[in-house]
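Working notes, beginning with the structure itself.
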Amino acid sequence: MSLLPSLSPAATGADNPYQMTPDEMPERALDTSVAPPAERPKVLLLGGQARSGSTLVDRSLGQVDGFVSCGEIRYLWDRGLRDDERCGCGLPLRGCPFWGRVGHLAFGGWDRIDLDEVLALREEVDQPRALPRLLRMGLTTSPFERKVSRYLSYLERVYPAILEAAEGDVVIDSSMSPLHALIVRRSAVLDVRVAHLVRDSRGVAHSSTKQVVRPEITDREVMMPTYSPPEAAIRWTTTNAVFGSLGRHVPTIRFTYEDFVREPRRELDRITTLMGHPLTASDAAFRDGPVIELGTDHTVAGNPMRFMTGEVPIRADEAWREKMDPRQRMLVTALTYPMLRRYGFEP
Ligand SMILES: [Zn+2]
């Protein structure tokens with residue numbers, strides 16, 4: 001059975017909605033009639049502040065039968081299709097057969113979409129300034145809402161195509177971004193659920209200052225973004241607050257990085273159960289010990305761990321406890337105190 005929506009676009013011809021300007025476009029490029037949940041393509045969004053261990057969780061989930069690890073889908077358009085950065089399999093994204101098949105299934109080929117338009121849409125709707133409007137949930141037909149719908153309509157074709165190409169049941173999208181989640185959760189054609197990942201704010205703040213080379217770029221040295229501890233603390237609070245509020249609209253579970261590295265199998269079972277697929281004994285990649293067996297995943301973006309294969313130890317990164325500057329630690333603790341307590345961390 002094809003999971004792709006059977007209505008428009010046809011990917012060819014004058015009635016292809018992806019060849020229209022936003023003003024010419026119908027209200028939604030896709031049929032938004034709500035299919036029964038069992039028939040809707042399942043998307044698991046990992047949400048939380050960057051540097052919380054999402055790539056480890058994403059890749060661990062990707063070893064579960066039926067779960068497809070794709071990295072940070074939010075970056076498919078720029079880092080993947082525009083910049084042709086390396087897929088998790090090691091090939092440039094446009095040379096990766098898996099993503100080639102996804103593009104073919106979704107649009108008749110990546111060249112059939114106007115990439116500049118998708119990038120412009122994302123720039124406009126998926127950015128911090130848009131947060132208040134995204135939180136309001138689109139009940140209007142304002143130009144902004146139409147742009148959100150149009151951007152979402154691209155994603156609504158990508159996720160089912162991933163499932164079809166991988167013959168999977170659940171797409172894991174570890175974009176982590178609250179903005180991206182607020183857009184995707186509007187979909188009536190996808191079955192969207194959220195696993196909200198929280199790491200101790202001091203660990204996030206300490207990791208956020210570290211310079212990490214992005215290995216997907218091979219012709220020059222580019223670093224992952226860094227943040228000062230106070231900036232990371234403010235981002236941590238905002239991001240977690242948004243994902244906390246999302247739980248009122250979308251099936252959501254919350255788990256901590258610290259619990260995950262301590263008992264990965266238990267936490268993975270909670271997440272897969274959220275998606276209707278509890279872990280089985282055959283999911284042998286997860287032993288009770290702190291090791292995971294990783295295969296190759298076609299991930300778009302994420303931390304350097306996305307290129308690892310074979311046996312990988314699951315170890316807690318608790319370096320902040322020893323190495324973080326005490327004044328910065330106190331500052332981050334003070335800035336995030338109420339939520340730290342709520343999540344059960346020791347201030
Ligand atoms: Zn690949």
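Identifiers for the structure tokens are assigned positionally: chains receive A, B, ... in sequence, residues are indexed from 1 per chain, and ligands are indexed from 1 in the order shown.
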
Inset, instruction - Report as JSON, numbers by chain: the residues of region 40-112 of chain A with a DSSP assignment of strand (DSSP E or B), based on the backbone of this structure. - result: {"A": [42, 43, 44, 45, 46, 47, 67, 68, 69, 86, 92]}

Chain A residues near ligand 1 within 8 Å, closest pair each, using only C-alpha atoms and all ligand atoms, as a tab-separated table:
residue	atom	partner	partner_atom_place_in_ligand_line	distance
A:Arg86	CA	ligand 1	1 (Zn)	7.8
A:Cys87	CA	ligand 1	1 (Zn)	4.6
A:Gly88	CA	ligand 1	1 (Zn)	5.6
A:Cys89	CA	ligand 1	1 (Zn)	4.2
A:Gly90	CA	ligand 1	1 (Zn)	6.5
A:Leu91	CA	ligand 1	1 (Zn)	5.9
A:Pro92	CA	ligand 1	1 (Zn)	7.6
A:Leu93	CA	ligand 1	1 (Zn)	6.3
A:Gly95	CA	ligand 1	1 (Zn)	7.9
A:Cys96	CA	ligand 1	1 (Zn)	4.5
A:Pro97	CA	ligand 1	1 (Zn)	6.6
A:Phe98	CA	ligand 1	1 (Zn)	5.7
A:Trp99	CA	ligand 1	1 (Zn)	6.4
A:Asp297	CA	ligand 1	1 (Zn)	6.9
A:His298	CA	ligand 1	1 (Zn)	4.0
A:Thr299	CA	ligand 1	1 (Zn)	6.8

Output C-alpha atoms for every residue in the selection just made, as a compact mmCIF listing (two decimals), in the first residue's frame.
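And here is the file that came out, result-v6.txt:
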# COMPACT_ATOMS: atom_id res chain seq x y z
CA ARG A 86 26.99 14.23 3.47
CA CYS A 87 24.17 11.85 4.33
CA GLY A 88 24.72 9.52 7.30
CA CYS A 89 25.69 6.81 4.77
CA GLY A 90 28.72 8.93 3.81
CA LEU A 91 27.59 9.99 0.32
CA PRO A 92 26.67 13.55 -0.63
CA LEU A 93 22.92 13.75 -0.14
CA GLY A 95 24.19 11.16 -4.61
CA CYS A 96 22.54 8.98 -1.97
CA PRO A 97 20.21 6.43 -3.61
CA PHE A 98 17.89 6.45 -0.60
CA TRP A 99 17.25 10.20 -0.75
CA ASP A 297 21.22 5.40 8.66
CA HIS A 298 20.47 7.96 5.96
CA THR A 299 20.47 10.97 8.26

Inset, instruction - Using only C-alpha atoms, pick whichever of A:Pro229, A:Pro290, A:Gly168, A:Pro251 has the shortest atom-to-atom distance to Asp65 (chain A). - result: A:Gly168

Inset, instruction - Compile the contact shell of Leu155 (chain A) as a list of chain:residue names: residues with an atom at most 10 Å away, counting only C-alpha atoms, same-chain residues fewer than 5 positions apart removed. - result: A:Ile73, A:Arg74, A:Leu76, A:Ala106, A:Ser149, A:Arg150, A:Pro160, A:Ala161, A:Ile183, A:Val184, A:Ser187, A:Leu190

Write out, as an mmCIF file, in the first residue's frame, the residues just selected, with N, CA and C atoms.
data_model
loop_
_atom_site.group_PDB
_atom_site.id
_atom_site.type_symbol
_atom_site.label_atom_id
_atom_site.label_comp_id
_atom_site.auth_asym_id
_atom_site.auth_seq_id
_atom_site.Cartn_x
_atom_site.Cartn_y
_atom_site.Cartn_z
ATOM 1 N N ILE A 73 15.199 16.570 9.749
ATOM 2 C CA ILE A 73 14.528 16.811 8.465
ATOM 3 C C ILE A 73 14.410 18.306 8.164
ATOM 4 N N ARG A 74 14.397 19.108 9.203
ATOM 5 C CA ARG A 74 14.323 20.560 9.018
ATOM 6 C C ARG A 74 15.440 21.068 8.099
ATOM 7 N N LEU A 76 16.804 19.330 5.605
ATOM 8 C CA LEU A 76 16.843 18.643 4.310
ATOM 9 C C LEU A 76 17.047 19.636 3.165
ATOM 10 N N ALA A 106 8.244 11.443 -3.631
ATOM 11 C CA ALA A 106 7.524 12.610 -3.107
ATOM 12 C C ALA A 106 7.104 13.577 -4.209
ATOM 13 N N SER A 149 1.088 26.643 5.633
ATOM 14 C CA SER A 149 0.428 25.494 4.999
ATOM 15 C C SER A 149 1.218 24.997 3.796
ATOM 16 N N ARG A 150 1.710 25.952 3.050
ATOM 17 C CA ARG A 150 2.446 25.542 1.847
ATOM 18 C C ARG A 150 3.757 24.855 2.212
ATOM 19 N N PRO A 160 5.898 10.581 4.147
ATOM 20 C CA PRO A 160 5.406 9.306 3.607
ATOM 21 C C PRO A 160 6.374 8.682 2.599
ATOM 22 N N ALA A 161 7.052 9.532 1.836
ATOM 23 C CA ALA A 161 8.009 9.001 0.850
ATOM 24 C C ALA A 161 9.165 8.303 1.567
ATOM 25 N N ILE A 183 5.004 23.652 13.416
ATOM 26 C CA ILE A 183 4.526 23.586 12.027
ATOM 27 C C ILE A 183 4.011 22.178 11.721
ATOM 28 N N VAL A 184 4.812 21.171 12.031
ATOM 29 C CA VAL A 184 4.454 19.795 11.648
ATOM 30 C C VAL A 184 3.211 19.322 12.394
ATOM 31 N N SER A 187 -0.388 19.253 10.874
ATOM 32 C CA SER A 187 -0.774 18.381 9.768
ATOM 33 C C SER A 187 -1.974 17.516 10.124
ATOM 34 N N LEU A 190 -0.767 13.601 8.680
ATOM 35 C CA LEU A 190 0.276 12.838 9.364
ATOM 36 C C LEU A 190 -0.178 12.515 10.785
#

Legend entry - Contacts of region 202-214 of chain A within 7 Å, only C-alpha atoms, excl. fewer than 6 positions in-chain, as an MDAnalysis selection string: chainID A and resid 51:52 221:224 226:229 232:233 304 318 320 324 329 332:333

Print the selection's residues with C-alpha atoms to a file, as an mmCIF file, in the first residue's frame.
data_model
loop_
_atom_site.group_PDB
_atom_site.id
_atom_site.type_symbol
_atom_site.label_atom_id
_atom_site.label_comp_id
_atom_site.auth_asym_id
_atom_site.auth_seq_id
_atom_site.Cartn_x
_atom_site.Cartn_y
_atom_site.Cartn_z
ATOM 1 C CA ARG A 51 23.165 19.292 22.740
ATOM 2 C CA SER A 52 20.781 17.120 24.743
ATOM 3 C CA GLU A 221 36.143 23.306 8.504
ATOM 4 C CA VAL A 222 32.711 24.344 9.800
ATOM 5 C CA MET A 223 31.731 24.177 13.458
ATOM 6 C CA MET A 224 28.410 23.372 15.094
ATOM 7 C CA THR A 226 27.957 27.457 20.052
ATOM 8 C CA TYR A 227 26.174 29.473 22.742
ATOM 9 C CA SER A 228 27.328 31.211 25.889
ATOM 10 C CA PRO A 229 25.991 29.543 29.078
ATOM 11 C CA ALA A 232 21.971 28.359 26.290
ATOM 12 C CA ALA A 233 20.007 28.626 29.555
ATOM 13 C CA PRO A 304 29.082 13.582 14.369
ATOM 14 C CA GLU A 318 28.628 14.426 32.679
ATOM 15 C CA TRP A 320 30.019 19.626 33.220
ATOM 16 C CA MET A 324 32.100 23.807 34.242
ATOM 17 C CA ARG A 329 27.137 26.861 36.707
ATOM 18 C CA VAL A 332 22.662 28.654 34.620
ATOM 19 C CA THR A 333 21.180 27.025 37.714
#

Legend entry - Between CA of Ile172 (chain A) and CA of Tyr154 (chain A) - distance in Å to one decimal: 16.9 Å

Inset, instruction - Go through A:Tyr159, A:Phe307, A:Phe255, A:Tyr151 one by one, measure the shortest atom-to-atom distance of each to Val198 (chain A) using only C-alpha atoms, and give the residue with the smallest value. - result: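 Ranking A:Tyr159, A:Phe307, A:Phe255, A:Tyr151 by distance to Val198 (chain A), first place goes to A:Phe255.
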
Legend entry - Surrounding residues of Val192 (chain A) excluding itself and chain neighbours under 2 positions, 12 Å, only C-alpha atoms, as an MDAnalysis selection string: chainID A and resid 37:38 40:46 156 159 170:173 181:190 194:195 246:247 249:252 274:275

Inset, instruction - Taking the DSSP assignment computed from this structure's backbone, write out as an MDAnalysis selection string all residues of region 102-210 of chain A that belong to alpha helix (DSSP H). - result: chainID A and resid 102:107 115:125 131:136 143:166 178:184 201:208

Inset, instruction - Find the spatial neighbours of Leu135 (chain A), counting only C-alpha atoms, within a cut-off of 9 Å - ignore same-chain residues fewer than 5 positions away - and output them as a ChimeraX atom specification. - result: /A:130,179,182,242

Legend entry - Interatomic distance (Å, one decimal) between CA of Pro338 (chain A) and CA of Ser201 (chain A): 11.4 Å
